[in-house]
file run-v1.cif (mmCIF, C-alpha atoms)
data_protein
loop_
_atom_site.label_atom_id
_atom_site.label_comp_id
_atom_site.auth_asym_id
_atom_site.auth_seq_id
_atom_site.Cartn_x
_atom_site.Cartn_y
_atom_site.Cartn_z
CA PRO V 1 0.15 -8.38 -1.77
CA ARG V 2 -2.10 -10.83 0.01
CA SER V 3 -3.86 -9.14 2.95
CA LEU V 4 -4.21 -10.74 6.37
CA CYS V 5 -5.84 -9.40 9.54
CA SER V 6 -6.44 -12.54 11.61
CA ARG V 7 -4.72 -15.80 12.47
CA ALA V 8 -4.41 -18.17 9.52
CA ARG V 9 -5.26 -21.84 9.93
CA PRO V 10 -2.30 -23.77 11.36
CA GLY V 11 -0.07 -24.96 8.55
CA GLN V 12 -2.00 -23.07 5.89
CA PRO V 13 0.52 -22.35 3.11
CA ILE V 14 0.84 -19.02 1.35
CA PRO V 15 0.15 -19.49 -2.38
CA GLY V 16 3.30 -19.61 -4.50
CA ASP V 17 2.18 -16.75 -6.75
CA VAL V 18 1.91 -14.38 -3.78
CA HIS V 19 4.98 -12.13 -3.66
CA MET V 20 4.16 -10.22 -0.49
CA VAL V 21 1.82 -10.47 2.49
CA GLU V 22 0.25 -7.30 3.87
CA VAL V 23 -1.08 -6.76 7.38
CA ASP V 24 -2.82 -3.82 9.03
CA VAL V 25 -1.18 -2.87 12.32
CA LEU V 26 -2.48 -0.97 15.33
CA LEU V 27 -2.10 -1.17 19.10
CA ARG V 28 -4.44 -3.43 21.09
CA GLY V 29 -7.00 -1.12 22.67
CA GLY V 30 -5.01 1.86 21.44
CA HIS V 31 -2.17 1.42 23.92
CA GLY V 32 -1.22 -2.28 24.11
CA ASP V 33 0.92 -4.56 21.96
CA PRO V 34 0.97 -4.21 18.16
CA ILE V 35 -1.69 -6.48 16.66
CA LEU V 36 -3.07 -7.31 13.23
CA ALA V 37 -6.39 -5.48 12.96
CA HIS V 38 -8.24 -3.01 10.78
CA PRO V 39 -10.27 -0.16 12.26
CA PRO V 40 -12.85 -0.10 13.76
CA ASP V 41 -11.50 -3.34 15.33
CA THR V 42 -9.27 -2.75 18.34
CA ASP V 43 -8.41 -6.37 19.17
CA SER V 44 -7.19 -9.44 17.32
CA ASP V 45 -6.34 -13.11 17.76
CA ILE V 46 -2.78 -12.58 16.53
CA THR V 47 -0.04 -10.14 17.50
CA LEU V 48 2.46 -8.62 15.13
CA GLN V 49 5.24 -10.41 17.01
CA GLU V 50 3.60 -13.80 16.38
CA TRP V 51 3.04 -13.02 12.72
CA LEU V 52 6.61 -11.84 12.14
CA ALA V 53 7.90 -15.06 13.72
CA CYS V 54 5.79 -17.06 11.26
CA MET V 55 6.91 -14.98 8.28
CA ALA V 56 10.57 -15.50 9.14
CA SER V 57 10.23 -19.11 7.94
CA THR V 58 8.92 -18.06 4.51
CA ASP V 59 10.49 -16.30 1.54
CA LYS V 60 7.63 -13.80 1.13
CA GLY V 61 8.05 -10.06 1.35
CA ILE V 62 6.10 -8.23 4.05
CA LYS V 63 4.12 -5.02 4.08
CA LEU V 64 3.10 -3.34 7.32
CA ASP V 65 0.16 -0.96 6.87
CA PHE V 66 0.10 1.28 9.92
CA LYS V 67 -3.34 2.40 11.05
CA SER V 68 -2.04 4.54 13.92
CA LEU V 69 1.13 6.52 14.51
CA ALA V 70 1.41 5.04 17.99
CA ALA V 71 1.89 1.58 16.49
CA VAL V 72 4.89 2.56 14.38
CA GLY V 73 7.64 2.68 17.01
CA PRO V 74 6.79 -0.59 18.82
CA SER V 75 6.30 -2.38 15.49
CA LEU V 76 9.63 -1.28 14.09
CA GLU V 77 11.30 -2.39 17.31
CA LEU V 78 9.84 -5.89 16.82
CA LEU V 79 10.94 -5.85 13.20
CA GLY V 80 14.48 -4.90 14.19
CA ARG V 81 14.75 -7.77 16.68
CA LEU V 82 14.35 -10.32 13.89
CA GLY V 83 17.43 -9.08 12.06
CA GLN V 84 18.88 -11.34 9.38
CA PRO V 85 16.11 -14.01 9.43
CA LEU V 86 13.83 -11.40 7.83
CA ALA V 87 16.16 -10.67 4.91
CA ARG V 88 13.45 -9.99 2.32
CA PRO V 89 11.55 -7.00 0.83
CA VAL V 90 9.97 -4.87 3.55
CA TRP V 91 7.39 -2.19 2.75
CA LEU V 92 6.13 0.26 5.36
CA ASN V 93 2.81 1.89 4.52
CA GLY V 94 1.02 4.90 5.93
CA ASP V 95 -1.65 7.30 4.66
CA VAL V 96 0.16 10.55 5.36
CA LEU V 97 -1.94 13.12 3.46
CA PRO V 98 -5.65 13.82 3.01
CA GLY V 99 -6.91 12.66 -0.37
CA PRO V 100 -10.10 12.42 -2.46
CA ARG V 101 -13.12 12.22 -0.17
CA GLY V 102 -10.86 11.21 2.71
CA SER V 103 -12.66 11.48 6.05
CA CYS V 104 -10.10 9.85 8.37
CA ALA V 105 -7.22 11.89 9.71
CA PRO V 106 -3.92 10.97 8.04
CA LEU V 107 -0.86 9.96 10.03
CA ASP V 108 1.45 12.83 10.90
CA ALA V 109 3.67 12.73 7.81
CA ARG V 110 6.89 14.05 9.27
CA ALA V 111 6.65 11.93 12.42
CA PHE V 112 5.93 8.81 10.35
CA LEU V 113 8.76 9.43 7.89
CA GLY V 114 11.18 10.30 10.67
CA ALA V 115 10.45 7.02 12.46
CA VAL V 116 10.55 4.66 9.49
CA THR V 117 13.58 6.18 7.74
CA SER V 118 15.73 6.06 10.88
CA ALA V 119 14.66 2.56 12.00
CA CYS V 120 14.46 0.88 8.56
CA PRO V 121 16.74 2.69 6.10
CA ASP V 122 16.55 -0.19 3.59
CA ALA V 123 12.76 -0.52 3.52
CA THR V 124 10.52 0.68 0.71
CA LEU V 125 8.23 3.48 1.85
CA SER V 126 4.61 3.04 0.78
CA LEU V 127 2.90 6.41 1.10
CA GLY V 128 -0.74 7.17 0.45
CA TRP V 129 -3.63 9.52 0.91
CA THR V 130 -6.79 9.02 2.96
CA THR V 131 -9.57 8.30 0.45
CA ALA V 132 -13.12 7.05 0.11
CA CYS V 133 -15.35 5.88 -2.73
CA HIS V 134 -19.13 5.90 -2.63
CA PRO V 135 -20.87 2.67 -3.68
CA GLY V 136 -21.65 2.78 -7.38
CA GLN V 137 -19.34 5.72 -7.99
CA VAL V 138 -18.00 5.79 -11.55
CA ALA V 139 -14.22 6.03 -11.61
CA ARG V 140 -13.87 8.15 -14.72
CA VAL V 141 -16.02 10.99 -13.42
CA SER V 142 -15.19 10.89 -9.71
CA PRO V 143 -12.85 13.43 -8.09
CA GLY V 144 -9.37 12.00 -8.23
CA TYR V 145 -5.94 12.94 -6.95
CA GLN V 146 -5.75 16.69 -7.47
CA TRP V 147 -2.65 18.75 -8.23
CA PRO V 148 -2.24 20.13 -4.68
CA MET V 149 -2.34 16.56 -3.33
CA VAL V 150 0.46 15.24 -5.55
CA GLN V 151 2.50 18.42 -5.20
CA GLU V 152 2.44 18.14 -1.41
CA MET V 153 3.44 14.47 -1.66
CA SER V 154 6.35 15.42 -3.90
CA ARG V 155 7.54 17.96 -1.33
CA LEU V 156 7.41 15.34 1.44
CA CYS V 157 9.46 12.86 -0.60
CA HIS V 158 12.01 15.27 -2.06
CA ALA V 159 14.74 14.56 0.50
CA LEU V 160 14.12 10.81 0.86
CA SER V 161 16.81 8.39 -0.29
CA GLN V 162 14.74 5.20 -0.03
CA PRO V 163 12.48 3.77 -2.74
CA VAL V 164 8.93 5.13 -2.54
CA THR V 165 5.76 3.55 -3.87
CA PHE V 166 2.63 5.68 -3.89
CA ALA V 167 -0.50 3.80 -2.82
CA VAL V 168 -3.28 4.91 -5.16
CA ARG V 169 -6.88 3.73 -5.33
CA ALA V 170 -7.81 2.00 -8.58
CA ALA V 171 -11.25 3.63 -8.75
CA LEU V 172 -9.69 7.11 -8.50
CA LEU V 173 -6.72 6.67 -10.80
CA PRO V 174 -8.28 6.93 -14.30
CA CYS V 175 -9.17 10.59 -13.71
CA SER V 176 -5.78 11.35 -12.12
CA ILE V 177 -3.35 10.16 -14.80
CA PRO V 178 -1.60 13.52 -15.57
CA GLN V 179 -1.12 14.23 -11.86
CA LEU V 180 0.36 10.83 -11.07
CA GLN V 181 2.52 10.78 -14.20
CA TRP V 182 3.98 14.09 -13.02
CA LEU V 183 4.55 12.71 -9.51
CA LEU V 184 6.55 9.71 -10.78
CA GLN V 185 8.67 12.05 -12.91
CA GLN V 186 9.81 14.00 -9.85
CA SER V 187 12.36 11.32 -8.94
CA HIS V 188 15.43 11.37 -11.15
CA ARG V 189 16.61 8.10 -9.57
CA SER V 190 13.66 6.05 -10.91
CA VAL V 191 12.80 4.90 -7.40
CA TYR V 192 9.18 6.10 -7.45
CA SER V 193 6.43 3.64 -8.32
CA LEU V 194 2.66 3.18 -7.94
CA THR V 195 0.83 0.51 -5.99
CA VAL V 196 -2.72 0.30 -7.33
CA TRP V 197 -5.11 -0.99 -4.66
CA ALA V 198 -8.86 -1.43 -4.38
CA GLY V 199 -11.53 -1.59 -1.70
CA LYS V 200 -13.91 -4.54 -1.78
CA GLU V 201 -16.88 -2.33 -2.72
CA ASP V 202 -15.05 -0.11 -5.23
CA VAL V 203 -16.41 0.15 -8.75
CA TYR V 204 -13.77 -0.06 -11.46
CA SER V 205 -13.25 -2.14 -14.57
CA VAL V 206 -10.56 -4.13 -16.31
CA GLU V 207 -10.58 -1.35 -18.93
CA ASP V 208 -9.57 1.07 -16.18
CA LEU V 209 -6.67 -1.19 -15.23
CA LEU V 210 -5.61 -1.45 -18.88
CA LEU V 211 -5.72 2.35 -19.12
CA ILE V 212 -3.30 2.53 -16.20
CA ARG V 213 -1.02 0.00 -17.88
CA GLU V 214 -1.03 2.02 -21.09
CA ASN V 215 -0.13 5.31 -19.42
CA PHE V 216 2.60 4.25 -17.00
CA ASP V 217 5.86 2.33 -17.21
CA LYS V 218 4.77 -1.25 -16.49
CA SER V 219 7.91 -1.89 -14.43
CA ARG V 220 6.88 0.86 -12.01
CA VAL V 221 3.32 -0.26 -11.23
CA TYR V 222 2.24 -2.89 -8.68
CA TYR V 223 -1.31 -4.20 -8.22
CA ASP V 224 -3.18 -5.14 -5.04
CA ILE V 225 -6.69 -5.88 -6.27
CA PHE V 226 -9.50 -8.33 -5.55
CA GLU V 227 -11.16 -11.01 -7.64
CA PRO V 228 -12.64 -11.18 -10.18
CA GLN V 229 -10.81 -8.11 -11.50
CA ASN V 230 -7.42 -9.64 -10.71
CA SER V 231 -7.97 -12.75 -12.85
CA GLU V 232 -9.72 -10.78 -15.60
CA PHE V 233 -6.83 -8.31 -15.73
CA LYS V 234 -4.23 -11.09 -15.93
CA LYS V 235 -6.18 -12.71 -18.76
CA ALA V 236 -6.43 -9.41 -20.63
CA ILE V 237 -2.66 -8.91 -20.55
CA GLY V 238 -1.86 -12.52 -21.41
CA ILE V 239 -0.88 -13.89 -17.99
CA GLU V 240 -2.16 -17.37 -17.25
CA CYS V 241 -4.10 -17.66 -13.98
#
call {"tool": "encode", "arguments": {"input": "run-v1.cif", "output": "structure tokens"}}
result
Amino acid sequence: PRSLCSRARPGQPIPGDVHMVEVDVLLRGGHGDPILAHPPDTDSDITLQEWLACMASTDKGIKLDFKSLAAVGPSLELLGRLGQPLARPVWLNGDVLPGPRGSCAPLDARAFLGAVTSACPDATLSLGWTTACHPGQVARVSPGYQWPMVQEMSRLCHALSQPVTFAVRAALLPCSIPQLQWLLQQSHRSVYSLTVWAGKEDVYSVEDLLLIRENFDKSRVYYDIFEPQNSEFKKAIGIEC
């Protein structure tokens, strides 16, 4: 997905090769209207309502990344008001469990799942762990997603009927392959997938991305990564940029 946290230039088109647009959502000042912002920011020049109205005229999928539980209810209400004009893929993301080196408190998992499954039964649930990577940290030797982390995620998702994609950090995945392979195998309906994402300062290589591709079903892995790794990865697997 292409990420956006502020107002785009008027008339600026979304590139044709972008399948989805992702926005971070929280409440203005912690208690106002839903806005597009990433902590520690608490204000923005664009509201979620304005952005959804703009997206309704495109064919792109949308991904709402909730940075606070308080923002979930008001945001889903806005989403529901659009109805049929927003007939496209909708992903709802929240970090619902503590993960490797995670220092931020996760969203309350049961409250989040209860809200999104009742309001948006057709949406894909994007569920992750709170994580952090230290600058210069080497992916292959860093602590990754441990067995208790994936086992707890499996328990949370056991009763869900909607598709679930697990948001996993690229720099932490190479040392977590057995754990995440096991997690994907826990769904007998083949509705579990991985979304591999990266922070701007994360250290990982194209070889790490190729390792992921070799160890997982390619049809069940999505990528949300920055340049130059994105172009280098596409070149390595034979996709023209």
call {"tool": "closest_atom_pairs", "arguments": {"input": "run-v1.cif", "of": "range 88-187 of chain V", "to": "range 19-37 of chain V", "cutoff": "9 Å", "atoms": "all atoms listed in the file", "output": "Markdown table"}}
result
| residue | atom | partner | partner_atom | distance |
| --- | --- | --- | --- | --- |
| V:Pro89 | CA | V:Met20 | CA | 8.2 |
| V:Val90 | CA | V:Met20 | CA | 8.9 |
| V:Trp91 | CA | V:Glu22 | CA | 8.9 |
call {"tool": "residues_near_point", "arguments": {"input": "run-v1.cif", "point": "(-3.0, -8.7, -18.7)", "cutoff": "12 Å", "atoms": "only C-alpha atoms", "output": "number ranges by chain"}}
result
V: 206-207, 209-214, 218, 223, 229-241
call {"tool": "resolve_selection", "arguments": {"input": "run-v1.cif", "expression": "the PyMOL selection byres ((chain V and resi 121) around 12)", "output": "list in words"}}
result
Leu76, Gly80, Val90, Trp91, Leu92, Leu113, Gly114, Ala115, Val116, Thr117, Ser118, Ala119, Cys120, Asp122, Ala123, Thr124, Leu125, Leu160, Ser161, Gln162, Pro163 and Val164 of chain V
call {"tool": "write_last_selection", "arguments": {"input": "run-v1.cif", "atoms": "C-alpha atoms", "output": "PDB file, in the frame of the given file"}}
result
ATOM      1  CA  LEU V  76       9.630  -1.280  14.090  1.00  0.00           C
ATOM      2  CA  GLY V  80      14.480  -4.900  14.190  1.00  0.00           C
ATOM      3  CA  VAL V  90       9.970  -4.870   3.550  1.00  0.00           C
ATOM      4  CA  TRP V  91       7.390  -2.190   2.750  1.00  0.00           C
ATOM      5  CA  LEU V  92       6.130   0.260   5.360  1.00  0.00           C
ATOM      6  CA  LEU V 113       8.760   9.430   7.890  1.00  0.00           C
ATOM      7  CA  GLY V 114      11.180  10.300  10.670  1.00  0.00           C
ATOM      8  CA  ALA V 115      10.450   7.020  12.460  1.00  0.00           C
ATOM      9  CA  VAL V 116      10.550   4.660   9.490  1.00  0.00           C
ATOM     10  CA  THR V 117      13.580   6.180   7.740  1.00  0.00           C
ATOM     11  CA  SER V 118      15.730   6.060  10.880  1.00  0.00           C
ATOM     12  CA  ALA V 119      14.660   2.560  12.000  1.00  0.00           C
ATOM     13  CA  CYS V 120      14.460   0.880   8.560  1.00  0.00           C
ATOM     14  CA  ASP V 122      16.550  -0.190   3.590  1.00  0.00           C
ATOM     15  CA  ALA V 123      12.760  -0.520   3.520  1.00  0.00           C
ATOM     16  CA  THR V 124      10.520   0.680   0.710  1.00  0.00           C
ATOM     17  CA  LEU V 125       8.230   3.480   1.850  1.00  0.00           C
ATOM     18  CA  LEU V 160      14.120  10.810   0.860  1.00  0.00           C
ATOM     19  CA  SER V 161      16.810   8.390  -0.290  1.00  0.00           C
ATOM     20  CA  GLN V 162      14.740   5.200  -0.030  1.00  0.00           C
ATOM     21  CA  PRO V 163      12.480   3.770  -2.740  1.00  0.00           C
ATOM     22  CA  VAL V 164       8.930   5.130  -2.540  1.00  0.00           C
TER      23      VAL V 164
END
call {"tool": "resolve_selection", "arguments": {"input": "run-v1.cif", "expression": "the PyMOL selection byres ((chain V and resi 204) around 6)", "output": "CSV table (one decimal) with C-alpha atoms, in the frame of the given file"}}
result
chain,number,residue,atom,x,y,z
V,171,ALA,CA,-11.2,3.6,-8.8
V,203,VAL,CA,-16.4,0.2,-8.8
V,205,SER,CA,-13.2,-2.1,-14.6
call {"tool": "resolve_selection", "arguments": {"input": "run-v1.cif", "expression": "the PyMOL selection byres ((chain V and resi 79) around 12)", "output": "number ranges by chain"}}
result
V: 34, 48-53, 55-56, 62-64, 72-78, 80-88, 90-92, 116, 119-120, 123
call {"tool": "residues_around", "arguments": {"input": "run-v1.cif", "residues": "Thr130 in chain V", "least_positions_apart": "4", "cutoff": "9 Å", "atoms": "all atoms listed in the file", "output": "list in words"}}
result
Asp95, Val96, Leu97, Pro98, Gly99, Pro100, Arg101, Gly102, Ser103, Cys104, Ala105 and Pro106 of chain V
call {"tool": "atom_distance", "arguments": {"input": "run-v1.cif", "atom1": "CA of Pro40 in chain V", "atom2": "CA of Glu227 in chain V"}}
result
24.1 Å
call {"tool": "atom_distance", "arguments": {"input": "run-v1.cif", "atom1": "CA of Ala167 in chain V", "atom2": "CA of Thr195 in chain V"}}
result
4.8 Å
call {"tool": "atom_distance", "arguments": {"input": "run-v1.cif", "atom1": "CA of Ser154 in chain V", "atom2": "CA of Phe216 in chain V"}}
result
17.6 Å
call {"tool": "residues_near_point", "arguments": {"input": "run-v1.cif", "point": "(-4.4, 12.0, -5.0)", "cutoff": "9 Å", "atoms": "all atoms listed in the file", "output": "NGL selection string"}}
result
:V and (97-100 or 128-131 or 144-150 or 153 or 168-169 or 172-173 or 176 or 179-180)
call {"tool": "residues_around", "arguments": {"input": "run-v1.cif", "residues": "Ser193 in chain V", "least_positions_apart": "4", "cutoff": "7 Å", "atoms": "only C-alpha atoms", "output": "PDB file with C-alpha atoms, in the frame of the given file"}}
result
ATOM      1  CA  VAL V 164       8.930   5.130  -2.540  1.00  0.00           C
ATOM      2  CA  THR V 165       5.760   3.550  -3.870  1.00  0.00           C
ATOM      3  CA  PHE V 166       2.630   5.680  -3.890  1.00  0.00           C
ATOM      4  CA  LEU V 184       6.550   9.710 -10.780  1.00  0.00           C
ATOM      5  CA  ARG V 220       6.880   0.860 -12.010  1.00  0.00           C
ATOM      6  CA  VAL V 221       3.320  -0.260 -11.230  1.00  0.00           C
TER       7      VAL V 221
END
